[in-house]
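What follows is a set of notes on a single structure, which appears directly below.
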Amino acid sequence: QVQLVESGGGLVQAGASLRLSCAASRSTFSSYAMGWFRQAPGKEREFVAAISWSGGVTYYADSVKGRFTFSRDNTKNTVYLQMNSLKPEDTAIYYCAAVLTIAPGVVYVRSGDYAYWGQGTQVTVSS
């Protein structure tokens, strides 16, 4: 069982930056591939970014590529989503997710692939 706690959300103006964090409860955190998803009001949850358990492989949705950076610090059981040049369309609840994997270079982009989810953190970008 892995418990995930997101933080770092808030209200910012367009063009600003935020860094989301997701802290995991397990000491075997390094065996988990991680992902970020988001859900805007009235819309389905969508993939944002993924990272392999080693941190060596990342993958981004086209809508955030070049603006968001996903990283992890396995010594702190924490992943980070650095979000730059935020746009109003980035407004959503952001969720981190984890899946146990033995493959060091694999990332997962489907929400159904993930076994554990955080409670979400709200990001609001005003125009």
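Ligands are numbered from 1 in the order shown, chains are lettered A, B, ... in the order of the structure tokens, and residues start at 1 in each chain.
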
Any idea what's packed within 6 Å of Arg38 of chain A, counting only C-alpha atoms, ignoring anything in its chain fewer than 3 positions away? Could you give it as a count of residues only? 6

Using only C-alpha atoms, which residues sit within 7 Å of Phe68 of chain A once same-chain residues fewer than 5 positions away are excluded, as a ChimeraX atom specification? /A:81-84

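Within segment 67-108 of chain A, DSSP applied to the backbone places the following residues in strand (DSSP E): Phe68, Thr69, Phe70, Ser71, Arg72, Asp73, Thr78, Val79, Tyr80, Leu81, Gln82, Met83, Ala92, Ile93, Tyr94, Tyr95, Cys96, Ala97, Ala98, Val99 and Leu100 of chain A.
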
Phe37 of chain A environment, 12 Å, only C-alpha atoms, sequence neighbours closer than 3 positions dropped, as an mmCIF file with N, CA and C atoms, in the first residue's frame:
data_model
loop_
_atom_site.group_PDB
_atom_site.id
_atom_site.type_symbol
_atom_site.label_atom_id
_atom_site.label_comp_id
_atom_site.auth_asym_id
_atom_site.auth_seq_id
_atom_site.Cartn_x
_atom_site.Cartn_y
_atom_site.Cartn_z
ATOM 1 N N GLU A 6 -0.282 15.103 -2.277
ATOM 2 C CA GLU A 6 0.142 16.200 -3.145
ATOM 3 C C GLU A 6 0.114 17.521 -2.388
ATOM 4 N N LEU A 20 4.473 21.480 -8.039
ATOM 5 C CA LEU A 20 3.704 20.522 -7.259
ATOM 6 C C LEU A 20 4.645 19.453 -6.708
ATOM 7 N N MET A 34 5.735 6.705 -11.603
ATOM 8 C CA MET A 34 4.808 7.720 -11.133
ATOM 9 C C MET A 34 4.197 8.488 -12.295
ATOM 10 N N ALA A 40 -10.197 18.834 -15.020
ATOM 11 C CA ALA A 40 -10.847 20.143 -15.003
ATOM 12 C C ALA A 40 -12.350 19.940 -14.804
ATOM 13 N N GLU A 44 -13.065 14.894 -18.326
ATOM 14 C CA GLU A 44 -12.501 13.664 -17.823
ATOM 15 C C GLU A 44 -11.063 13.887 -17.351
ATOM 16 N N ARG A 45 -10.622 12.979 -16.491
ATOM 17 C CA ARG A 45 -9.242 13.032 -16.041
ATOM 18 C C ARG A 45 -8.321 12.765 -17.223
ATOM 19 N N GLU A 46 -7.258 13.558 -17.331
ATOM 20 C CA GLU A 46 -6.343 13.396 -18.444
ATOM 21 C C GLU A 46 -4.908 13.269 -17.978
ATOM 22 N N PHE A 47 -4.137 12.581 -18.775
ATOM 23 C CA PHE A 47 -2.725 12.366 -18.500
ATOM 24 C C PHE A 47 -1.953 13.665 -18.658
ATOM 25 N N VAL A 48 -0.992 13.889 -17.764
ATOM 26 C CA VAL A 48 -0.134 15.069 -17.849
ATOM 27 C C VAL A 48 1.318 14.659 -18.087
ATOM 28 N N ALA A 49 1.838 13.798 -17.218
ATOM 29 C CA ALA A 49 3.250 13.429 -17.317
ATOM 30 C C ALA A 49 3.491 12.128 -16.570
ATOM 31 N N ALA A 50 4.561 11.443 -16.957
ATOM 32 C CA ALA A 50 4.924 10.198 -16.307
ATOM 33 C C ALA A 50 6.436 10.125 -16.170
ATOM 34 N N TYR A 60 5.516 13.277 -21.599
ATOM 35 C CA TYR A 60 4.587 14.380 -21.338
ATOM 36 C C TYR A 60 3.459 14.411 -22.365
ATOM 37 N N ALA A 61 2.325 14.889 -21.911
ATOM 38 C CA ALA A 61 1.247 15.184 -22.841
ATOM 39 C C ALA A 61 1.685 16.348 -23.733
ATOM 40 N N VAL A 64 1.486 20.013 -22.462
ATOM 41 C CA VAL A 64 2.385 20.546 -21.428
ATOM 42 C C VAL A 64 3.853 20.416 -21.794
ATOM 43 N N PHE A 70 8.882 16.928 -15.017
ATOM 44 C CA PHE A 70 8.613 15.923 -13.997
ATOM 45 C C PHE A 70 9.941 15.366 -13.507
ATOM 46 N N LEU A 81 6.450 18.218 -9.935
ATOM 47 C CA LEU A 81 6.023 18.667 -11.252
ATOM 48 C C LEU A 81 6.227 20.173 -11.307
ATOM 49 N N ASP A 90 -4.695 25.242 -17.991
ATOM 50 C CA ASP A 90 -4.050 24.307 -17.066
ATOM 51 C C ASP A 90 -4.821 24.191 -15.753
ATOM 52 N N ALA A 92 -7.071 22.970 -13.080
ATOM 53 C CA ALA A 92 -7.597 21.627 -12.829
ATOM 54 C C ALA A 92 -7.164 21.177 -11.438
ATOM 55 N N ILE A 93 -7.724 20.072 -11.024
ATOM 56 C CA ILE A 93 -7.191 19.356 -9.866
ATOM 57 C C ILE A 93 -6.123 18.409 -10.386
ATOM 58 N N TYR A 94 -4.949 18.471 -9.793
ATOM 59 C CA TYR A 94 -3.830 17.637 -10.220
ATOM 60 C C TYR A 94 -3.655 16.490 -9.228
ATOM 61 N N TYR A 95 -3.550 15.289 -9.790
ATOM 62 C CA TYR A 95 -3.402 14.080 -9.000
ATOM 63 C C TYR A 95 -2.094 13.386 -9.345
ATOM 64 N N CYS A 96 -1.385 12.916 -8.332
ATOM 65 C CA CYS A 96 -0.258 12.041 -8.625
ATOM 66 C C CYS A 96 -0.692 10.598 -8.416
ATOM 67 N N ALA A 97 -0.024 9.707 -9.083
ATOM 68 C CA ALA A 97 -0.379 8.303 -9.057
ATOM 69 C C ALA A 97 0.888 7.461 -9.108
ATOM 70 N N ALA A 98 0.775 6.228 -8.591
ATOM 71 C CA ALA A 98 1.933 5.342 -8.506
ATOM 72 C C ALA A 98 1.559 3.937 -8.944
ATOM 73 N N TYR A 108 4.009 4.941 -17.724
ATOM 74 C CA TYR A 108 2.615 4.573 -17.949
ATOM 75 C C TYR A 108 1.793 5.835 -18.175
ATOM 76 N N VAL A 109 0.950 5.810 -19.194
ATOM 77 C CA VAL A 109 0.180 7.002 -19.532
ATOM 78 C C VAL A 109 -1.319 6.821 -19.326
ATOM 79 N N ARG A 110 -1.759 5.607 -19.067
ATOM 80 C CA ARG A 110 -3.187 5.372 -18.857
ATOM 81 C C ARG A 110 -3.499 5.378 -17.366
ATOM 82 N N SER A 111 -4.574 6.038 -16.995
ATOM 83 C CA SER A 111 -4.925 6.106 -15.584
ATOM 84 C C SER A 111 -5.189 4.723 -15.015
ATOM 85 N N GLY A 112 -5.702 3.818 -15.837
ATOM 86 C CA GLY A 112 -5.996 2.472 -15.374
ATOM 87 C C GLY A 112 -4.768 1.648 -15.033
ATOM 88 N N TYR A 114 -2.410 2.710 -13.111
ATOM 89 C CA TYR A 114 -1.934 3.121 -11.799
ATOM 90 C C TYR A 114 -2.801 2.538 -10.682
ATOM 91 N N TRP A 117 -3.403 6.481 -5.802
ATOM 92 C CA TRP A 117 -3.688 7.862 -6.168
ATOM 93 C C TRP A 117 -3.676 8.745 -4.925
ATOM 94 N N GLY A 118 -3.241 9.991 -5.143
ATOM 95 C CA GLY A 118 -3.347 10.978 -4.095
ATOM 96 C C GLY A 118 -4.726 11.629 -4.107
ATOM 97 N N GLN A 119 -4.919 12.562 -3.198
ATOM 98 C CA GLN A 119 -6.225 13.204 -3.059
ATOM 99 C C GLN A 119 -6.393 14.394 -3.995
ATOM 100 N N GLY A 120 -5.300 14.850 -4.581
ATOM 101 C CA GLY A 120 -5.357 15.949 -5.533
ATOM 102 C C GLY A 120 -5.042 17.298 -4.912
ATOM 103 N N THR A 121 -4.558 18.190 -5.754
ATOM 104 C CA THR A 121 -4.292 19.561 -5.333
ATOM 105 C C THR A 121 -4.790 20.496 -6.440
ATOM 106 N N GLN A 122 -5.452 21.552 -6.041
ATOM 107 C CA GLN A 122 -6.088 22.450 -7.004
ATOM 108 C C GLN A 122 -5.075 23.446 -7.564
#

Using only C-alpha atoms, pick whichever of A:Ser127, A:Leu86, A:Thr28, A:Asp62 has the shortest atom-to-atom distance to Ile102 of chain A. A:Thr28

When DSSP works through the backbone of this structure, what residues of chain A end up as helix (DSSP H, G or I), shown as a count of residues only? 9

Skipping near chain neighbours, those fewer than 3 positions away, what residues fall within 8 Å of Ser25 of chain A using only C-alpha atoms, listed as a VMD selection string? chain A and resid 2 to 4 29 77

Print the selection's residues with N, CA, C and O atoms to a file, as an mmCIF file, in the first residue's frame.
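The resulting file, selection_27.cif, is shown below:
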data_model
loop_
_atom_site.group_PDB
_atom_site.id
_atom_site.type_symbol
_atom_site.label_atom_id
_atom_site.label_comp_id
_atom_site.auth_asym_id
_atom_site.auth_seq_id
_atom_site.Cartn_x
_atom_site.Cartn_y
_atom_site.Cartn_z
ATOM 1 N N VAL A 2 0.542 2.191 -0.841
ATOM 2 C CA VAL A 2 1.275 3.451 -0.925
ATOM 3 C C VAL A 2 0.299 4.589 -0.722
ATOM 4 O O VAL A 2 -0.751 4.634 -1.360
ATOM 5 N N GLN A 3 0.634 5.481 0.168
ATOM 6 C CA GLN A 3 -0.163 6.688 0.347
ATOM 7 C C GLN A 3 0.575 7.855 -0.293
ATOM 8 O O GLN A 3 1.780 8.030 -0.077
ATOM 9 N N LEU A 4 -0.164 8.639 -1.063
ATOM 10 C CA LEU A 4 0.404 9.759 -1.800
ATOM 11 C C LEU A 4 -0.265 11.043 -1.335
ATOM 12 O O LEU A 4 -1.493 11.113 -1.229
ATOM 13 N N PHE A 29 9.669 3.327 -2.433
ATOM 14 C CA PHE A 29 9.163 4.275 -3.422
ATOM 15 C C PHE A 29 9.908 4.175 -4.734
ATOM 16 O O PHE A 29 9.335 4.355 -5.800
ATOM 17 N N ASN A 77 11.505 10.189 -1.241
ATOM 18 C CA ASN A 77 10.200 9.592 -1.568
ATOM 19 C C ASN A 77 9.239 10.631 -2.144
ATOM 20 O O ASN A 77 8.043 10.640 -1.823
#

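Nearest-residue note for Val57 of chain A: choosing from A:Gly15, A:Gly9, A:Gly105, A:Pro88, the minimum distance belongs to A:Gly105, counting only C-alpha atoms.
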
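Shortest separation to Val123 of chain A among A:Ala24, A:Lys87, A:Ser30, A:Leu100 occurs at residue A:Lys87, atoms counted being only C-alpha atoms.
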